[in-house]
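Below is one structure; the comments refer to it alone.
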Amino acid sequence: MKIRHYALLLAFDRHRSVTAVAKQLSLSQPTVTRALADIENIFMQPLFLRTRRGLEPTAAGEVVVARARLAIADNEALVKELDGVREGRQGRLRIGLIPYVSPPALDALWKHLFDLRPRLLLHAQEDTTAPLLQALRERALDCAICRFSGASTEDDLEQVLLYQQQAHLIVARPSAAPLMRHAHAPLDIDQLSEMDWIFPPTHTPIRQMIDAIFSAAGQRAPVPALEAYAVATISSALSQMPRGVTVLPSDVARAVAAGGAAEMLPEPLPWNLPPVGLAWLKGGPKAKICAKLSTAIRDQLNDSGQAH
């Protein structure tokens with residue numbers, strides 16, 4: 001199998017038509033048909049069947065196409081990495097980050113990577129944990145700082161614990177005083193339900209925690225005034241929402257409060273956030289770099305007293 005074979009299989013899976021594949025690849029239909037037959041001869045079984053709806057992958061075809069995607073992704077990553085080597089870098093590292101990464105952990109990440117000689121060509125991508133883990137498996141990322149989850153503990157991934165976080169309410173400054181006066185009392189759900197909430201995406205731990213605040217009081221969570229997950233967006237929005245409130249990890253909440261538009265309630269919420277770790281594919285081409293990176297982040301967090 002060659003890369004062009006994998007590209008042809010992906011084209012068949014995308015278009016499900018010999019005519020469309022031939023047009024995309026600027027080849028004749030007989031050439032495309034023969035190429036598919038040659039690939040099927042390699043595997044000694046049909047990979048696509050002709051139906052009224054067009055070409056449909058067989059069970060073997062589904063398996064081979066999935067591997068073809070990985071092969072194409074690995075090849076594209078290799079090409080870009082070699083471009084970096086030609087520019088004097090030691091390769092390329094694609095990093096995934098959840099938006100609520102602790103600022104000290106981010107500082108430790110960049111310090112380690114920018115101190116490397118020769119440097120790596122770096123690419124960073126923000127998303128929630130589930131898409132980041134999927135991107136690792138699809139070879140679109142080399143590592144990701146994300147939360148532990150059932151999917152992150154499967155056998156194909158390595159994940160090293162970096163730190164844990166507690167969550168706090170953070171409130172727009174004009175509305176903070178009444179809540180601060182009762183900071184050590186049980187949460188006033190009626191008061192909170194009347195405020196303007198900022199919610200993160202569904203299925204994130206913070207969103208589940210907000211739901212838990214209200215469900216514990218027998219109420220449904222209010223309709224949010226804003227759905228956002230970027231820290232800069234939340235910080236800016238709170239400066240324009242006199243009755244704004246949301247839930248953030250304590251270290252991120254402190255950073256937002258430092259901007260002056262909001263205040264963090266001192267008492268942590270009584271629900272635990274999943275711990276944060278660095279994940280990468282077992283045996284992947286960047287496994288050694290990722291292992292050293294995780295050690296460097298942990299060491300710096302321990303030295304600064306940030307690790308829990």
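All residue names refer to the structure tokens as shown: chains lettered A, B, ... in order, residues numbered from 1 in each chain, ligands numbered from 1 in order.
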
Name the residues in contact with region 125-141 of chain A at a cut-off of 7 Å, using only C-alpha atoms, excluding same-chain residues fewer than 4 positions from it; report them as a PyMOL selection string.
chain A and resi 70+73-74+94-99+146-147+152+280-281

Quick one: write out the picked residues with all heavy atoms as an mmCIF file, in the first residue's frame?
```cif
data_model
loop_
_atom_site.group_PDB
_atom_site.id
_atom_site.type_symbol
_atom_site.label_atom_id
_atom_site.label_comp_id
_atom_site.auth_asym_id
_atom_site.auth_seq_id
_atom_site.Cartn_x
_atom_site.Cartn_y
_atom_site.Cartn_z
ATOM 1 N N LEU A 70 -5.667 7.509 9.216
ATOM 2 C CA LEU A 70 -4.508 7.669 10.106
ATOM 3 C C LEU A 70 -3.218 7.765 9.301
ATOM 4 O O LEU A 70 -2.326 8.552 9.624
ATOM 5 C CB LEU A 70 -4.437 6.498 11.090
ATOM 6 C CG LEU A 70 -5.626 6.332 12.040
ATOM 7 C CD1 LEU A 70 -5.376 5.179 12.998
ATOM 8 C CD2 LEU A 70 -5.882 7.614 12.817
ATOM 9 N N ALA A 73 -3.026 11.195 7.761
ATOM 10 C CA ALA A 73 -2.728 12.192 8.796
ATOM 11 C C ALA A 73 -1.271 12.109 9.225
ATOM 12 O O ALA A 73 -0.600 13.136 9.396
ATOM 13 C CB ALA A 73 -3.646 11.990 9.996
ATOM 14 N N ASP A 74 -0.754 10.881 9.408
ATOM 15 C CA ASP A 74 0.649 10.709 9.790
ATOM 16 C C ASP A 74 1.574 11.244 8.698
ATOM 17 O O ASP A 74 2.602 11.874 8.985
ATOM 18 C CB ASP A 74 0.951 9.238 10.044
ATOM 19 C CG ASP A 74 0.510 8.792 11.432
ATOM 20 O OD1 ASP A 74 0.307 9.663 12.295
ATOM 21 O OD2 ASP A 74 0.371 7.576 11.646
ATOM 22 N N ARG A 94 2.219 19.350 18.066
ATOM 23 C CA ARG A 94 0.860 19.891 18.019
ATOM 24 C C ARG A 94 0.196 19.621 19.367
ATOM 25 O O ARG A 94 0.026 18.462 19.756
ATOM 26 C CB ARG A 94 0.081 19.235 16.881
ATOM 27 C CG ARG A 94 0.708 19.463 15.496
ATOM 28 C CD ARG A 94 0.202 18.464 14.482
ATOM 29 N NE ARG A 94 0.512 17.104 14.893
ATOM 30 C CZ ARG A 94 0.017 16.016 14.295
ATOM 31 N NH1 ARG A 94 -0.827 16.137 13.293
ATOM 32 N NH2 ARG A 94 0.356 14.821 14.723
ATOM 33 N N ILE A 95 -0.150 20.705 20.059
ATOM 34 C CA ILE A 95 -0.605 20.617 21.446
ATOM 35 C C ILE A 95 -2.071 21.021 21.527
ATOM 36 O O ILE A 95 -2.469 22.074 21.016
ATOM 37 C CB ILE A 95 0.220 21.566 22.347
ATOM 38 C CG1 ILE A 95 1.710 21.386 22.109
ATOM 39 C CG2 ILE A 95 -0.129 21.361 23.821
ATOM 40 C CD1 ILE A 95 2.512 22.613 22.448
ATOM 41 N N GLY A 96 -2.878 20.215 22.216
ATOM 42 C CA GLY A 96 -4.251 20.573 22.502
ATOM 43 C C GLY A 96 -4.373 21.096 23.924
ATOM 44 O O GLY A 96 -3.672 20.632 24.828
ATOM 45 N N LEU A 97 -5.259 22.070 24.121
ATOM 46 C CA LEU A 97 -5.420 22.691 25.439
ATOM 47 C C LEU A 97 -6.896 22.916 25.723
ATOM 48 O O LEU A 97 -7.617 23.442 24.871
ATOM 49 C CB LEU A 97 -4.715 24.059 25.485
ATOM 50 C CG LEU A 97 -3.216 24.092 25.203
ATOM 51 C CD1 LEU A 97 -2.776 25.510 24.888
ATOM 52 C CD2 LEU A 97 -2.441 23.547 26.392
ATOM 53 N N ILE A 98 -7.345 22.512 26.909
ATOM 54 C CA ILE A 98 -8.670 22.948 27.329
ATOM 55 C C ILE A 98 -8.585 24.438 27.694
ATOM 56 O O ILE A 98 -7.522 24.919 28.107
ATOM 57 C CB ILE A 98 -9.202 22.112 28.514
ATOM 58 C CG1 ILE A 98 -8.216 22.114 29.687
ATOM 59 C CG2 ILE A 98 -9.534 20.697 28.078
ATOM 60 C CD1 ILE A 98 -8.763 21.450 30.950
ATOM 61 N N PRO A 99 -9.672 25.191 27.553
ATOM 62 C CA PRO A 99 -9.595 26.636 27.810
ATOM 63 C C PRO A 99 -9.238 26.991 29.249
ATOM 64 O O PRO A 99 -8.688 28.063 29.492
ATOM 65 C CB PRO A 99 -11.003 27.134 27.453
ATOM 66 C CG PRO A 99 -11.513 26.130 26.471
ATOM 67 C CD PRO A 99 -10.961 24.820 26.940
ATOM 68 N N CYS A 146 -5.703 18.089 29.166
ATOM 69 C CA CYS A 146 -7.154 17.945 29.240
ATOM 70 C C CYS A 146 -7.520 17.282 30.565
ATOM 71 O O CYS A 146 -6.634 16.935 31.360
ATOM 72 C CB CYS A 146 -7.668 17.120 28.064
ATOM 73 S SG CYS A 146 -6.860 15.518 27.883
ATOM 74 N N ARG A 147 -8.796 17.100 30.794
ATOM 75 C CA ARG A 147 -9.249 16.494 32.035
ATOM 76 C C ARG A 147 -9.288 14.972 31.917
ATOM 77 O O ARG A 147 -9.535 14.435 30.835
ATOM 78 C CB ARG A 147 -10.633 17.020 32.421
ATOM 79 C CG ARG A 147 -10.609 18.509 32.740
ATOM 80 C CD ARG A 147 -11.823 18.949 33.515
ATOM 81 N NE ARG A 147 -11.774 20.398 33.711
ATOM 82 C CZ ARG A 147 -11.089 21.000 34.682
ATOM 83 N NH1 ARG A 147 -10.416 20.271 35.551
ATOM 84 N NH2 ARG A 147 -11.076 22.320 34.788
ATOM 85 N N SER A 152 -10.193 8.958 28.414
ATOM 86 C CA SER A 152 -8.763 9.257 28.464
ATOM 87 C C SER A 152 -7.969 8.151 29.147
ATOM 88 O O SER A 152 -6.739 8.147 29.102
ATOM 89 C CB SER A 152 -8.525 10.590 29.185
ATOM 90 O OG SER A 152 -8.813 10.476 30.563
ATOM 91 N N TRP A 280 -1.199 11.598 25.632
ATOM 92 C CA TRP A 280 -0.624 11.362 24.302
ATOM 93 C C TRP A 280 -0.800 9.887 23.943
ATOM 94 O O TRP A 280 -1.128 9.067 24.796
ATOM 95 C CB TRP A 280 0.851 11.771 24.247
ATOM 96 C CG TRP A 280 1.766 10.985 25.138
ATOM 97 C CD1 TRP A 280 2.447 9.837 24.829
ATOM 98 C CD2 TRP A 280 2.127 11.293 26.497
ATOM 99 N NE1 TRP A 280 3.205 9.416 25.901
ATOM 100 C CE2 TRP A 280 3.024 10.287 26.930
ATOM 101 C CE3 TRP A 280 1.779 12.323 27.395
ATOM 102 C CZ2 TRP A 280 3.565 10.283 28.218
ATOM 103 C CZ3 TRP A 280 2.313 12.304 28.668
ATOM 104 C CH2 TRP A 280 3.198 11.301 29.068
ATOM 105 N N LEU A 281 -0.596 9.558 22.678
ATOM 106 C CA LEU A 281 -0.752 8.182 22.220
ATOM 107 C C LEU A 281 0.407 7.326 22.714
ATOM 108 O O LEU A 281 1.571 7.717 22.593
ATOM 109 C CB LEU A 281 -0.805 8.118 20.690
ATOM 110 C CG LEU A 281 -2.125 8.458 20.011
ATOM 111 C CD1 LEU A 281 -1.933 8.414 18.494
ATOM 112 C CD2 LEU A 281 -3.225 7.496 20.424
#
```

Quick one: DSSP strand (DSSP E) residues in region 4-244 of chain A, as JSON, numbers by chain?
{"A": [48, 49, 50, 51, 54, 55, 56, 57, 92, 93, 94, 95, 96, 97, 121, 122, 123, 124, 125, 126, 143, 144, 145, 146, 147, 157, 158, 159, 160, 161, 162, 163, 167, 168, 169, 170, 171, 172, 196, 197, 198, 199, 226, 227, 244]}

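Of the listed residues A:Tyr229, A:Tyr163, A:Phe199, A:Phe43, the one whose atoms come nearest to Asp251 (chain A) is A:Tyr163, with distances taken using only C-alpha atoms.
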
Please report the interatomic distance between CA of Arg86 (chain A) and CA of Tyr6 (chain A) in Å with one decimal.
26.5 Å

Compare A:Arg173, A:Arg4, A:Asn41, A:Ile198 by their minimum atom-to-atom distance to Ala258 (chain A), counting only C-alpha atoms, and give me the closest one.
A:Arg173

Residue among A:Leu109, A:Ala7, A:Val276, A:Cys290 lying closest to Ser149 (chain A), counting only C-alpha atoms
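With only C-alpha atoms as the atom set, the closest residue is A:Val276.
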
From a backbone DSSP assignment, name each residue in region 122-274 of chain A labelled helix (DSSP H, G or I), as an MDAnalysis selection string.
chainID A and resid 129:137 151:153 173:181 189:193 205:215 231:239 250:257

Nearby residues (only C-alpha atoms) at most 12 Å from Glu194 (chain A), same-chain spacing under 6 positions excluded, as a PyMOL selection string
chain A and resi 175+188+221-225+243-245

Show which residues sit within 10 Å of Ile289 (chain A), as a PyMOL selection string. Count only C-alpha atoms, and ignore same-chain residues fewer than 3 positions away.
chain A and resi 93+113+142-143+285-286+292-294

Preceding selection exported with N, CA and C atoms as a PDB file, in the first residue's frame:
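The resulting selection-v4.pdb:
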```
ATOM      1  N   LEU A  93       5.485  19.948  17.151  1.00  0.00           N
ATOM      2  CA  LEU A  93       4.644  19.422  18.217  1.00  0.00           C
ATOM      3  C   LEU A  93       3.301  20.136  18.174  1.00  0.00           C
ATOM      4  N   LEU A 113       9.066  24.246  26.493  1.00  0.00           N
ATOM      5  CA  LEU A 113       9.135  24.087  25.039  1.00  0.00           C
ATOM      6  C   LEU A 113      10.016  25.156  24.389  1.00  0.00           C
ATOM      7  N   ASP A 142      -0.479  15.828  18.856  1.00  0.00           N
ATOM      8  CA  ASP A 142       0.545  14.955  19.449  1.00  0.00           C
ATOM      9  C   ASP A 142       0.337  14.778  20.950  1.00  0.00           C
ATOM     10  N   CYS A 143      -0.208  15.778  21.614  1.00  0.00           N
ATOM     11  CA  CYS A 143      -0.478  15.691  23.044  1.00  0.00           C
ATOM     12  C   CYS A 143      -1.565  16.703  23.382  1.00  0.00           C
ATOM     13  N   PRO A 285       5.020   8.793  17.875  1.00  0.00           N
ATOM     14  CA  PRO A 285       6.340   9.337  17.520  1.00  0.00           C
ATOM     15  C   PRO A 285       6.821  10.443  18.452  1.00  0.00           C
ATOM     16  N   LYS A 286       5.910  11.060  19.199  1.00  0.00           N
ATOM     17  CA  LYS A 286       6.308  12.134  20.120  1.00  0.00           C
ATOM     18  C   LYS A 286       6.192  11.709  21.587  1.00  0.00           C
ATOM     19  N   LYS A 292       8.743  13.904  28.686  1.00  0.00           N
ATOM     20  CA  LYS A 292       9.629  14.913  29.268  1.00  0.00           C
ATOM     21  C   LYS A 292       8.860  16.198  29.562  1.00  0.00           C
ATOM     22  N   LEU A 293       7.919  16.535  28.688  1.00  0.00           N
ATOM     23  CA  LEU A 293       7.108  17.733  28.906  1.00  0.00           C
ATOM     24  C   LEU A 293       6.255  17.599  30.160  1.00  0.00           C
ATOM     25  N   SER A 294       5.643  16.441  30.350  1.00  0.00           N
ATOM     26  CA  SER A 294       4.815  16.241  31.547  1.00  0.00           C
ATOM     27  C   SER A 294       5.653  16.348  32.814  1.00  0.00           C
TER      28      SER A 294
END
```

Taking into account only C-alpha atoms, which residue in the set A:Leu301, A:Leu116, A:Leu273, A:Leu49 is nearest to Asp13 (chain A)?
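Result for the nearest residue to Asp13 (chain A): A:Leu49.
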
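Between CA of Ala257 (chain A) and CA of Ile170 (chain A) lies a distance of 7.7 Å.
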
Between CA of Ser26 (chain A) and CA of Lys2 (chain A) - distance in Å to one decimal
18.6 Å

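Distances here use only C-alpha atoms; by that measure, the residue among A:Ala261, A:Val247, A:Leu157, A:Leu27 closest to Gly283 (chain A) is A:Leu157.
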
Kindly indicate which residue among A:Pro201, A:Gly218, A:Pro103, A:Gly61 lies nearest to Arg254 (chain A), using only C-alpha atoms for the distances.
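When distances to Arg254 (chain A) are compared using only C-alpha atoms, the smallest one comes from A:Pro103.
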
Name the residues in contact with Pro200 (chain A) at a cut-off of 6 Å, using only C-alpha atoms, excluding same-chain residues fewer than 3 positions from it; report them as a PDB file with C-alpha atoms, in the first residue's frame.
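Resulting contents of around-v8.pdb:
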```pdb
ATOM      1  CA  ARG A 207     -21.518  22.979  33.029  1.00  0.00           C
ATOM      2  CA  GLU A 227     -22.632  30.630  26.427  1.00  0.00           C
ATOM      3  CA  ALA A 228     -18.850  30.953  26.224  1.00  0.00           C
ATOM      4  CA  TYR A 229     -15.732  28.979  27.109  1.00  0.00           C
TER       5      TYR A 229
END
```

Would you mind listing what lies within 12 Å of Val64 (chain A) as a list in words, with only C-alpha atoms counted and same-chain residues fewer than 2 positions away left out?
Met1, His5, Tyr6, Ala7, Leu8, Leu9, Leu10, Phe12, Asp13, Ile39, Glu40, Ile42, Phe43, Gln45, Pro46, Leu47, Phe48, Pro57, Thr58, Ala59, Ala60, Gly61, Glu62, Ala66, Arg67, Ala68, Arg69, Leu70 and Ala71 of chain A
